file structure_6.txt (compact mmCIF, C-alpha atoms)
# COMPACT_ATOMS: atom_id res chain seq x y z
CA GLN A 1 7.59 -26.54 -30.82
CA PRO A 2 8.44 -23.03 -32.07
CA HIS A 3 12.09 -22.21 -32.69
CA LEU A 4 13.79 -19.25 -31.05
CA PHE A 5 15.72 -18.38 -34.17
CA PHE A 6 15.79 -18.95 -37.90
CA ASP A 7 17.68 -22.24 -38.13
CA THR A 8 20.18 -21.70 -40.91
CA GLN A 9 22.22 -24.83 -41.49
CA GLU A 10 25.67 -24.53 -42.97
CA GLN A 11 27.30 -27.92 -43.35
CA GLY A 12 25.17 -29.24 -40.48
CA HIS A 13 26.01 -26.42 -38.06
CA PRO A 14 22.92 -24.66 -36.69
CA ASN A 15 23.41 -20.92 -36.44
CA PRO A 16 21.74 -19.37 -33.37
CA PHE A 17 22.44 -15.95 -34.86
CA GLY A 18 20.89 -16.83 -38.21
CA PHE A 19 17.98 -14.56 -38.94
CA ALA A 20 16.26 -13.72 -42.21
CA PHE A 21 13.84 -10.82 -42.44
CA PHE A 22 12.65 -7.91 -44.55
CA SER A 23 13.84 -4.44 -43.62
CA THR A 24 11.80 -1.45 -44.75
CA LEU A 25 12.92 2.13 -44.45
CA HIS A 26 10.35 4.77 -45.31
CA GLY A 27 11.30 7.99 -47.00
CA LYS A 28 12.86 10.73 -44.85
CA SER A 29 14.11 8.10 -42.36
CA TYR A 30 17.42 7.47 -40.66
CA ILE A 31 18.86 4.68 -38.49
CA LYS A 32 21.49 6.12 -36.14
CA PRO A 33 25.03 4.69 -36.00
CA HIS A 34 25.01 1.36 -34.14
CA THR A 35 26.83 -1.96 -33.93
CA GLY A 36 25.72 -5.57 -34.00
CA PRO A 37 26.19 -7.67 -30.84
CA MET A 38 29.11 -9.81 -32.01
CA ASN A 39 31.33 -10.69 -34.96
CA LEU A 40 30.27 -14.34 -35.31
CA ARG A 41 28.03 -13.61 -38.28
CA LEU A 42 27.93 -11.68 -41.52
CA ARG A 43 24.77 -9.89 -42.54
CA ILE A 44 23.73 -9.92 -46.19
CA HIS A 45 21.62 -6.97 -47.37
CA LEU A 46 19.81 -7.71 -50.65
CA PRO A 47 18.00 -4.58 -51.93
CA LEU A 48 14.60 -5.46 -53.40
CA ILE A 49 13.06 -1.99 -53.74
CA VAL A 50 15.29 1.09 -53.99
CA PRO A 51 14.13 4.67 -54.58
CA LYS A 52 14.89 5.85 -58.12
CA ASP A 53 16.29 9.33 -57.48
CA THR A 54 19.17 8.98 -55.02
CA LYS A 55 21.47 11.65 -56.43
CA PRO A 56 22.40 14.10 -53.64
CA ASP A 57 21.07 17.63 -53.87
CA SER A 58 21.48 20.82 -51.85
CA TYR A 59 19.28 19.38 -49.08
CA SER A 60 21.22 16.10 -48.72
CA THR A 61 23.13 15.43 -45.52
CA LYS A 62 25.24 12.62 -47.04
CA PRO A 63 27.88 13.27 -49.70
CA SER A 64 27.34 10.44 -52.18
CA THR A 65 23.74 9.16 -52.06
CA LYS A 66 20.34 10.05 -50.62
CA CYS A 67 19.66 6.37 -49.82
CA GLY A 68 22.55 4.29 -48.52
CA LEU A 69 24.64 2.67 -45.84
CA ARG A 70 27.85 3.60 -44.05
CA VAL A 71 30.01 0.89 -42.46
CA GLY A 72 33.12 2.27 -40.78
CA ASP A 73 34.38 4.88 -43.23
CA GLN A 74 32.86 3.28 -46.34
CA ILE A 75 29.61 4.49 -47.89
CA ARG A 76 27.53 2.41 -50.30
CA GLU A 77 24.36 3.21 -52.17
CA TRP A 78 21.66 0.58 -52.59
CA ARG A 79 21.22 -1.01 -56.03
CA GLU A 80 18.31 -3.37 -56.62
CA GLY A 81 19.49 -6.97 -56.77
CA LYS A 82 23.10 -6.15 -55.75
CA ALA A 83 23.87 -7.60 -52.32
CA VAL A 84 26.03 -5.89 -49.73
CA VAL A 85 27.71 -8.19 -47.19
CA LEU A 86 29.01 -6.74 -43.94
CA ASP A 87 30.24 -7.58 -40.48
CA ASP A 88 27.67 -5.56 -38.55
CA SER A 89 29.84 -5.52 -35.41
CA TYR A 90 31.46 -2.49 -37.07
CA GLU A 91 29.64 0.80 -36.57
CA HIS A 92 27.12 1.39 -39.34
CA GLU A 93 24.19 3.66 -40.17
CA VAL A 94 21.46 3.71 -42.80
CA TRP A 95 19.47 6.55 -44.34
CA ASN A 96 16.75 7.25 -46.87
CA GLU A 97 16.44 10.95 -47.68
CA THR A 98 14.09 10.32 -50.60
CA LYS A 99 10.29 10.31 -50.39
CA ASP A 100 10.06 6.64 -51.41
CA LEU A 101 10.24 3.30 -49.59
CA ARG A 102 13.41 1.17 -49.51
CA VAL A 103 13.06 -2.61 -48.89
CA LEU A 104 15.85 -5.13 -48.24
CA LEU A 105 16.00 -8.83 -47.50
CA LEU A 106 18.48 -9.35 -44.66
CA VAL A 107 20.04 -12.78 -44.11
CA ASP A 108 22.61 -13.70 -41.47
CA VAL A 109 25.25 -16.37 -42.05
CA TRP A 110 28.22 -17.63 -40.07
CA HIS A 111 31.30 -15.43 -40.37
CA PRO A 112 33.76 -17.50 -42.45
CA ASP A 113 36.50 -17.00 -39.83
CA VAL A 114 34.46 -18.90 -37.20
CA ARG A 115 35.85 -22.44 -37.21
CA MET A 116 33.55 -25.49 -37.34
CA GLU A 117 34.48 -26.45 -33.78
CA GLU A 118 33.50 -22.96 -32.59
CA ARG A 119 30.20 -23.17 -34.48
CA ASP A 120 29.42 -26.49 -32.80
CA ARG A 121 30.22 -25.11 -29.35
CA VAL A 122 28.21 -21.92 -29.83
CA GLY A 123 25.25 -23.97 -31.11
CA SER A 124 25.51 -26.35 -28.13
CA MET A 125 25.65 -23.45 -25.69
CA PHE A 126 22.45 -21.94 -27.08
CA SER A 127 20.70 -25.32 -27.26
CA PHE A 128 21.53 -25.89 -23.61
CA ALA A 129 20.22 -22.44 -22.64
CA VAL A 130 16.94 -23.14 -24.47
CA SER A 131 16.62 -26.59 -22.85
CA GLN A 132 17.05 -25.00 -19.41
CA GLY A 133 14.35 -22.42 -20.12
CA TRP A 134 16.82 -19.54 -19.92
CA MET A 135 15.99 -18.46 -23.48
CA GLY A 136 13.20 -18.95 -25.96
CA ASN A 137 9.48 -19.26 -25.74
CA LYS A 138 8.16 -20.13 -22.33
CA GLU A 139 4.80 -21.71 -21.86
CA ALA A 140 2.14 -19.58 -20.28
CA PRO A 141 1.60 -20.36 -16.58
CA LYS A 142 -1.07 -22.97 -15.97
CA GLU A 143 -4.01 -21.87 -13.86
call {"tool": "encode", "arguments": {"input": "structure_6.txt", "output": "structure tokens"}}
result
Amino acid sequence: QPHLFFDTQEQGHPNPFGFAFFSTLHGKSYIKPHTGPMNLRLRIHLPLIVPKDTKPDSYSTKPSTKCGLRVGDQIREWREGKAVVLDDSYEHEVWNETKDLRVLLLVDVWHPDVRMEERDRVGSMFSFAVSQGWMGNKEAPKE
């Protein structure tokens, strides 16, 4: 049976918010300021492909890099192989003002401030919702 979410296990605690995926951002692209849905997870951004020329120029709209991330009032540029970990419930935005592609591996993990008891209860709540058919893949109606 297919799973609704990527089942990351941390010390035996399934994480219903645990996703892992590749994020591509083409050149001349921008992701508007937004927030994640909750603060139960941390999101790890691991840059795999980063444009070479990210030094701002007279056409740049951002002060420190042409390809980066802002979380709250902090700005970071991407560096291949150097992970950035953030609580995405804070407002953040991403941009790529270069002409080249940027690729990240994103992985979600439990926020370390979420206690084991809370992890168990959140996991149980989502398992119950799936078992009731309120979430997840539903079978196609039989004819």
call {"tool": "closest_atom_pairs", "arguments": {"input": "structure_6.txt", "of": "region 48-112 of chain A", "to": "region 33-43 of chain A", "cutoff": "6 Å", "atoms": "only C-alpha atoms", "output": "tab-separated table"}}
result
residue	atom	partner	partner_atom	distance
A:Val85	CA	A:Arg43	CA	5.8
A:Leu86	CA	A:Arg43	CA	5.5
A:Asp87	CA	A:Leu42	CA	4.8
A:Asp88	CA	A:Gly36	CA	5.0
A:Ser89	CA	A:Gly36	CA	4.4
A:Tyr90	CA	A:Thr35	CA	5.6
A:Glu91	CA	A:Thr35	CA	4.7
A:His92	CA	A:Pro33	CA	5.1
A:Glu93	CA	A:Pro33	CA	4.4
A:Val107	CA	A:Arg43	CA	5.8
A:Asp108	CA	A:Arg43	CA	4.5
A:Val109	CA	A:Leu42	CA	5.4
A:Trp110	CA	A:Arg41	CA	4.4
A:His111	CA	A:Arg41	CA	4.3
call {"tool": "atom_distance", "arguments": {"input": "structure_6.txt", "atom1": "CA of Leu106 (chain A)", "atom2": "CA of Asp53 (chain A)"}}
result
22.8 Å
call {"tool": "atom_distance", "arguments": {"input": "structure_6.txt", "atom1": "CA of Phe22 (chain A)", "atom2": "CA of Glu77 (chain A)"}}
result
17.9 Å
call {"tool": "atom_distance", "arguments": {"input": "structure_6.txt", "atom1": "CA of Leu46 (chain A)", "atom2": "CA of Leu101 (chain A)"}}
result
14.6 Å
call {"tool": "closest_residue", "arguments": {"input": "structure_6.txt", "among": "A:Ile44, A:Val114, A:Ser23, A:Tyr30", "to": "Val84 (chain A)", "atoms": "all atoms listed in the file"}}
result
A:Ile44
call {"tool": "residues_around", "arguments": {"input": "structure_6.txt", "residues": "Met125 (chain A)", "least_positions_apart": "6", "cutoff": "10 Å", "atoms": "only C-alpha atoms", "output": "number ranges by chain"}}
result
A: 16, 119, 131
call {"tool": "write_last_selection", "arguments": {"input": "structure_6.txt", "atoms": "C-alpha atoms", "output": "compact mmCIF listing (two decimals), in the coordinates of the input"}}
result
# COMPACT_ATOMS: atom_id res chain seq x y z
CA PRO A 16 21.74 -19.37 -33.37
CA ARG A 119 30.20 -23.17 -34.48
CA SER A 131 16.62 -26.59 -22.85
call {"tool": "closest_residue", "arguments": {"input": "structure_6.txt", "among": "A:Glu80, A:Asp73, A:Glu117, A:Asp57", "to": "His45 (chain A)", "atoms": "all atoms listed in the file"}}
result
A:Glu80
call {"tool": "residues_around", "arguments": {"input": "structure_6.txt", "residues": "Gly123 (chain A)", "least_positions_apart": "3", "cutoff": "10 Å", "atoms": "all atoms listed in the file", "output": "short mmCIF file (atom, residue, chain, number, x, y, z; two decimals) with C-alpha atoms, keeping the file's coordinate frame"}}
result
data_model
loop_
_atom_site.label_atom_id
_atom_site.label_comp_id
_atom_site.auth_asym_id
_atom_site.auth_seq_id
_atom_site.Cartn_x
_atom_site.Cartn_y
_atom_site.Cartn_z
CA HIS A 13 26.01 -26.42 -38.06
CA PRO A 14 22.92 -24.66 -36.69
CA ASN A 15 23.41 -20.92 -36.44
CA PRO A 16 21.74 -19.37 -33.37
CA PHE A 17 22.44 -15.95 -34.86
CA GLU A 117 34.48 -26.45 -33.78
CA GLU A 118 33.50 -22.96 -32.59
CA ARG A 119 30.20 -23.17 -34.48
CA ASP A 120 29.42 -26.49 -32.80
CA PHE A 126 22.45 -21.94 -27.08
CA SER A 127 20.70 -25.32 -27.26
CA PHE A 128 21.53 -25.89 -23.61
CA ALA A 129 20.22 -22.44 -22.64
#
call {"tool": "residues_around", "arguments": {"input": "structure_6.txt", "residues": "Lys55 (chain A)", "least_positions_apart": "6", "cutoff": "9 Å", "atoms": "only C-alpha atoms", "output": "PyMOL selection string"}}
result
chain A and resi 64-67
